[in-house]
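Okay, model-v7.cif is below, mmCIF, C-alpha atoms:
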```
data_query
#
loop_
_atom_site.label_atom_id
_atom_site.label_comp_id
_atom_site.auth_asym_id
_atom_site.auth_seq_id
_atom_site.Cartn_x
_atom_site.Cartn_y
_atom_site.Cartn_z
CA MET A 1 65.15 94.19 43.96
CA LYS A 2 63.80 95.68 47.18
CA LYS A 3 61.80 92.49 47.76
CA LEU A 4 65.00 90.40 47.46
CA HIS A 5 66.70 92.52 50.15
CA TYR A 6 63.77 91.94 52.54
CA ILE A 7 63.86 88.19 51.89
CA LEU A 8 67.63 88.07 52.52
CA LEU A 9 67.25 90.21 55.64
CA MET A 10 64.54 87.88 56.97
CA ALA A 11 66.67 84.79 56.20
CA VAL A 12 69.68 86.25 58.00
CA ALA A 13 67.51 87.27 60.98
CA LEU A 14 66.09 83.74 61.15
CA LEU A 15 69.57 82.18 61.06
CA VAL A 16 70.93 84.50 63.74
CA SER A 17 67.96 83.94 66.04
CA ASN A 18 68.55 80.18 65.92
CA CYS A 19 72.22 80.37 66.95
CA ASP A 20 72.91 78.59 70.23
CA THR A 21 75.20 80.68 72.41
CA ASN A 22 74.82 78.31 75.36
CA ASP A 23 78.18 76.51 75.54
CA ASP A 24 76.84 74.05 78.12
CA GLY A 25 74.18 72.90 75.67
CA PHE A 26 76.69 72.72 72.85
CA TYR A 27 79.16 70.66 74.87
CA ASN A 28 76.39 68.58 76.47
CA ASN A 29 77.15 69.65 80.06
CA VAL A 30 74.71 68.77 82.83
CA PHE A 31 74.91 70.18 86.37
CA VAL A 32 73.60 68.56 89.58
CA ASP A 33 74.00 69.16 93.31
CA ILE A 34 74.77 66.06 95.40
CA PRO A 35 76.25 66.71 98.87
CA ASN A 36 79.07 64.95 100.72
CA LEU A 37 80.75 63.01 97.90
CA VAL A 38 84.23 64.19 98.96
CA ALA A 39 85.51 64.41 102.53
CA ILE A 40 88.55 65.54 104.47
CA ASP A 41 89.59 62.53 106.53
CA ALA A 42 88.97 62.84 110.27
CA HIS A 43 88.93 66.69 110.48
CA PRO A 44 91.61 67.17 113.15
CA SER A 45 92.77 70.76 113.44
CA THR A 46 96.32 69.73 114.37
CA TYR A 47 98.69 67.33 112.62
CA ASN A 48 102.32 66.41 113.23
CA VAL A 49 105.14 66.86 110.73
CA GLY A 50 105.38 63.64 108.71
CA GLU A 51 101.66 62.85 108.80
CA ASN A 52 99.40 62.96 105.76
CA LEU A 53 96.21 64.93 105.21
CA TYR A 54 93.83 62.53 103.44
CA ILE A 55 91.08 63.46 100.98
CA ASN A 56 88.47 60.73 100.38
CA ALA A 57 85.74 60.05 97.87
CA ASP A 58 83.86 56.77 97.70
CA PHE A 59 80.47 57.28 96.10
CA SER A 60 78.03 55.02 94.32
CA ARG A 61 77.22 55.28 90.65
CA TYR A 62 73.59 55.56 91.80
CA GLN A 63 72.88 59.04 93.15
CA SER A 64 69.83 61.18 93.77
CA ASP A 65 69.38 64.84 92.98
CA GLY A 66 65.62 64.53 93.49
CA ALA A 67 65.38 61.60 91.08
CA LEU A 68 67.47 58.43 90.89
CA LEU A 69 70.47 58.99 88.64
CA ASP A 70 72.83 56.30 87.33
CA ILE A 71 75.88 58.45 86.66
CA TYR A 72 77.87 55.63 85.09
CA LEU A 73 75.09 54.75 82.63
CA SER A 74 74.41 58.42 81.84
CA THR A 75 78.01 59.48 81.28
CA GLY A 76 79.93 56.33 80.39
CA ALA A 77 82.66 57.84 82.60
CA THR A 78 85.09 55.63 84.47
CA GLN A 79 86.61 58.73 86.10
CA PHE A 80 85.56 61.94 87.83
CA ALA A 81 88.09 64.75 88.26
CA PHE A 82 88.31 67.50 90.86
CA SER A 83 90.99 69.78 92.27
CA TYR A 84 92.14 71.27 95.54
CA VAL A 85 95.01 73.39 96.76
CA ILE A 86 96.97 73.40 100.04
CA GLU A 87 98.57 76.64 101.16
CA LYS A 88 100.92 77.53 104.01
CA GLN A 89 100.92 80.89 105.75
CA VAL A 90 104.26 82.65 105.39
CA GLY A 91 104.13 85.95 107.25
CA THR A 92 100.94 87.63 106.03
CA GLU A 93 100.82 85.76 102.72
CA TRP A 94 99.54 82.32 101.73
CA LYS A 95 101.94 80.27 99.59
CA VAL A 96 100.93 77.15 97.63
CA VAL A 97 102.52 73.99 98.99
CA SER A 98 103.76 71.65 96.29
CA VAL A 99 105.25 68.18 96.55
CA SER A 100 106.29 65.69 93.90
CA ASP A 101 103.70 63.20 92.67
CA SER A 102 105.74 60.37 94.20
CA GLN A 103 105.33 61.93 97.68
CA LEU A 104 101.52 61.67 97.52
CA ASP A 105 100.16 58.60 99.33
CA ILE A 106 97.80 57.32 96.63
CA GLU A 107 95.63 54.51 98.00
CA LYS A 108 92.71 54.77 95.55
CA GLY A 109 92.25 56.76 92.34
CA SER A 110 95.06 58.88 91.00
CA ALA A 111 96.50 62.34 91.63
CA GLN A 112 98.96 64.82 90.21
CA ASN A 113 100.39 67.75 92.12
CA GLY A 114 101.62 71.07 90.79
CA SER A 115 100.16 74.41 91.83
CA TYR A 116 97.13 72.33 92.91
CA VAL A 117 96.26 68.66 93.33
CA TYR A 118 94.36 67.23 90.37
CA GLY A 119 92.49 64.24 91.77
CA ILE A 120 90.75 61.52 89.79
CA CYS A 121 88.13 59.21 91.26
CA GLU A 122 88.37 55.84 89.51
CA TYR A 123 85.33 53.63 88.87
CA ASN A 124 85.41 50.28 90.68
CA PRO A 125 83.04 47.88 88.86
CA GLU A 126 83.17 45.33 91.70
CA ASP A 127 81.14 47.55 94.05
CA ALA A 128 79.87 50.12 91.49
CA THR A 129 81.57 53.08 93.18
CA TYR A 130 83.93 55.89 92.24
CA GLU A 131 86.93 55.89 94.60
CA TYR A 132 89.65 58.30 95.65
CA ARG A 133 91.87 58.32 98.74
CA VAL A 134 95.07 60.33 98.61
CA GLY A 135 97.27 61.59 101.43
CA PHE A 136 99.13 64.87 101.08
CA PRO A 137 102.41 64.83 103.10
CA LEU A 138 102.79 67.52 105.75
CA LEU A 139 106.53 68.16 105.72
CA ALA A 140 106.94 71.36 107.74
CA ALA A 141 105.41 72.95 110.81
CA GLY A 142 103.11 75.93 110.33
CA THR A 143 99.58 77.17 109.67
CA TYR A 144 97.85 75.73 106.61
CA ARG A 145 94.59 75.81 104.71
CA LEU A 146 93.00 73.65 102.03
CA SER A 147 90.49 74.87 99.44
CA PHE A 148 88.45 73.10 96.79
CA GLY A 149 87.72 76.42 95.07
CA TYR A 150 90.94 76.57 93.04
CA ASN A 151 89.13 76.25 89.70
CA SER A 152 85.79 77.70 90.76
CA GLY A 153 84.03 80.47 92.59
CA SER A 154 82.32 78.06 94.99
CA LEU A 155 83.17 78.38 98.68
CA ASP A 156 81.65 75.31 100.29
CA LYS A 157 81.60 72.84 97.41
CA VAL A 158 83.92 70.68 95.40
CA GLU A 159 83.18 70.46 91.69
CA LEU A 160 83.52 66.96 90.25
CA ARG A 161 83.51 66.62 86.46
CA SER A 162 83.02 63.38 84.59
CA ILE A 163 85.69 62.37 82.12
CA SER A 164 83.18 61.11 79.59
CA PRO A 165 83.61 59.65 76.11
CA ALA A 166 83.16 62.25 73.36
CA THR A 167 79.60 61.24 72.48
CA ARG A 168 78.27 61.20 76.08
CA ILE A 169 77.13 63.90 78.48
CA ILE A 170 79.61 65.59 80.80
CA LEU A 171 78.25 65.54 84.32
CA ASN A 172 79.31 68.33 86.68
CA ILE A 173 78.51 67.52 90.30
CA ASN A 174 78.62 70.30 92.88
CA SER A 175 79.10 68.61 96.24
CA VAL A 176 79.12 70.34 99.64
CA VAL A 177 82.17 69.43 101.75
CA ALA A 178 81.93 69.32 105.56
CA GLY A 179 84.57 71.05 107.66
CA LEU A 180 85.11 74.18 105.54
CA ASP A 181 84.86 77.64 107.09
CA GLY A 182 82.70 80.47 105.70
CA ASN A 183 85.42 81.40 103.20
CA GLY A 184 85.70 77.84 101.84
CA TYR A 185 88.87 76.82 103.70
CA TYR A 186 89.76 73.89 105.89
CA ASN A 187 92.24 75.42 108.35
CA PHE A 188 94.78 73.31 110.23
CA THR A 189 98.12 73.46 112.01
CA VAL A 190 101.16 71.23 111.64
CA THR A 191 103.36 70.92 114.73
CA PRO A 192 107.01 69.71 114.88
#
```
Write-out of the structure in structure tokens:
Amino acid sequence: MKKLHYILLMAVALLVSNCDTNDDGFYNNVFVDIPNLVAIDAHPSTYNVGENLYINADFSRYQSDGALLDIYLSTGATQFAFSYVIEKQVGTEWKVVSVSDSQLDIEKGSAQNGSYVYGICEYNPEDATYEYRVGFPLLAAGTYRLSFGYNSGSLDKVELRSISPATRIILNINSVVAGLDGNGYYNFTVTP
């Protein structure tokens, strides 16, 4: 009887030691760093009421993170998603600026706005690129800031995530964005 307990104990120990607690491995997540895939259009520090602040992405399916990577072939994804938030300073506080989806100037890709903008880069098979260009309307004068860190702890990067079919890998691309300050904000002013 004592021998049976040792055998069961060893079997349970073997099973527990083989459990995978790495969610990224379970969900087939892969992470890479590829800079400058998303940009803030033109980087002016001052806009006028009625203008749009444009966010752009136009990147090839062929990327390099040290080795050549075909992200379309690897993921099967026709879309990459990312998010950003625009805030306005009201007194000493920062308040999220929200507009209706119909007010966004969507030239390429798609976007939804709520407490943050959920942007989707769409694959263009004609030139083998993922594309996004959306203007956020600046409707009131004031001091503003934009951050790509709404859903992450990253300060200087945007996190793009492939929207892959269920059987394919999910590619997470961390991409440095030019024009952000040391706290991860793009600061700008809107004048009347």
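Atom pair CA of Tyr144 (chain A) / CA of Ser102 (chain A): separated by 21.3 Å.
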How would you write, as a compact mmCIF listing (two decimals) with C-alpha atoms, keeping the file's coordinate frame, the residues chosen by the PyMOL selection byres ((chain A and resi 177-181) around 12) on this structure?
```
# COMPACT_ATOMS: atom_id res chain seq x y z
CA ASP A 33 74.00 69.16 93.31
CA ILE A 34 74.77 66.06 95.40
CA PRO A 35 76.25 66.71 98.87
CA ASN A 36 79.07 64.95 100.72
CA LEU A 37 80.75 63.01 97.90
CA VAL A 38 84.23 64.19 98.96
CA ALA A 39 85.51 64.41 102.53
CA ILE A 40 88.55 65.54 104.47
CA ASP A 41 89.59 62.53 106.53
CA ALA A 42 88.97 62.84 110.27
CA HIS A 43 88.93 66.69 110.48
CA PRO A 44 91.61 67.17 113.15
CA SER A 45 92.77 70.76 113.44
CA ILE A 55 91.08 63.46 100.98
CA ASN A 56 88.47 60.73 100.38
CA ALA A 57 85.74 60.05 97.87
CA TYR A 84 92.14 71.27 95.54
CA ARG A 145 94.59 75.81 104.71
CA LEU A 146 93.00 73.65 102.03
CA SER A 147 90.49 74.87 99.44
CA PHE A 148 88.45 73.10 96.79
CA GLY A 149 87.72 76.42 95.07
CA SER A 154 82.32 78.06 94.99
CA LEU A 155 83.17 78.38 98.68
CA ASP A 156 81.65 75.31 100.29
CA LYS A 157 81.60 72.84 97.41
CA VAL A 158 83.92 70.68 95.40
CA GLU A 159 83.18 70.46 91.69
CA LEU A 160 83.52 66.96 90.25
CA ASN A 174 78.62 70.30 92.88
CA SER A 175 79.10 68.61 96.24
CA VAL A 176 79.12 70.34 99.64
CA GLY A 182 82.70 80.47 105.70
CA ASN A 183 85.42 81.40 103.20
CA GLY A 184 85.70 77.84 101.84
CA TYR A 185 88.87 76.82 103.70
CA TYR A 186 89.76 73.89 105.89
CA ASN A 187 92.24 75.42 108.35
CA PHE A 188 94.78 73.31 110.23
```
Point to revise | Contacts of Asn113 (chain A) at 9 Å (only C-alpha atoms; same-chain gap of 4+ positions) as number ranges by chain | key: A: 98-101, 104, 117-119
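Rounded to one decimal, CA of Ile120 (chain A) and CA of Leu53 (chain A) lie 16.7 Å from each other.
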Exercise for review: Could you check how far CA of Val134 (chain A) sits from CA of Ala81 (chain A), in Å to one decimal?
Suggested key: 13.2 Å
Written as a compact mmCIF listing (two decimals) with C-alpha atoms, keeping the file's coordinate frame, which residues does the PyMOL selection byres ((chain A and resi 50) around 8) give for the file shown?
```txt
# COMPACT_ATOMS: atom_id res chain seq x y z
CA ASN A 48 102.32 66.41 113.23
CA VAL A 49 105.14 66.86 110.73
CA GLU A 51 101.66 62.85 108.80
CA ASN A 52 99.40 62.96 105.76
CA PRO A 137 102.41 64.83 103.10
CA LEU A 138 102.79 67.52 105.75
CA LEU A 139 106.53 68.16 105.72
CA ALA A 140 106.94 71.36 107.74
```
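Every residue within 7 Å of the file position (98.3, 77.5, 92.3), judged by all atoms listed in the file, is given as Val85, Val96, Ser115 and Tyr116 of chain A.
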Exercise for review: May I ask which of the residues A:Glu122, A:Glu93, A:Asp105, A:Asp70 is the closest one to Ile163 (chain A), counting only C-alpha atoms?
Suggested key: A:Glu122
Point to revise | 12 Å contact set for Gln79 (chain A), all atoms listed in the file, chain neighbours under 3 positions out, as a ChimeraX atom specification | key: /A:57,59,61,71-72,75-76,82,108-111,119-125,129-132,160-165,170-171
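Each of A:Asn29, A:Thr167, A:Gln63, A:Thr143 was checked against Val97 (chain A) using all atoms listed in the file; the smallest atom-to-atom distance is that of A:Thr143.
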Please determine an axis-aligned box that encloses all atoms of region 30-36 of chain A listed in the file, with 8 Å added on each side, and express its centre and edge lengths in Å to one decimal as JSON.
```
{"center_x": 76.3, "center_y": 67.6, "center_z": 91.8, "size_x": 21.5, "size_y": 21.2, "size_z": 33.9}
```
Review point. So which residues get picked by the PyMOL selection byres ((chain A and resi 30) around 9) here, written as a list in words?
Key: Asp24, Gly25, Asn28, Asn29, Phe31, Val32, Ile169, Ile170, Leu171, Asn172 and Ile173 of chain A
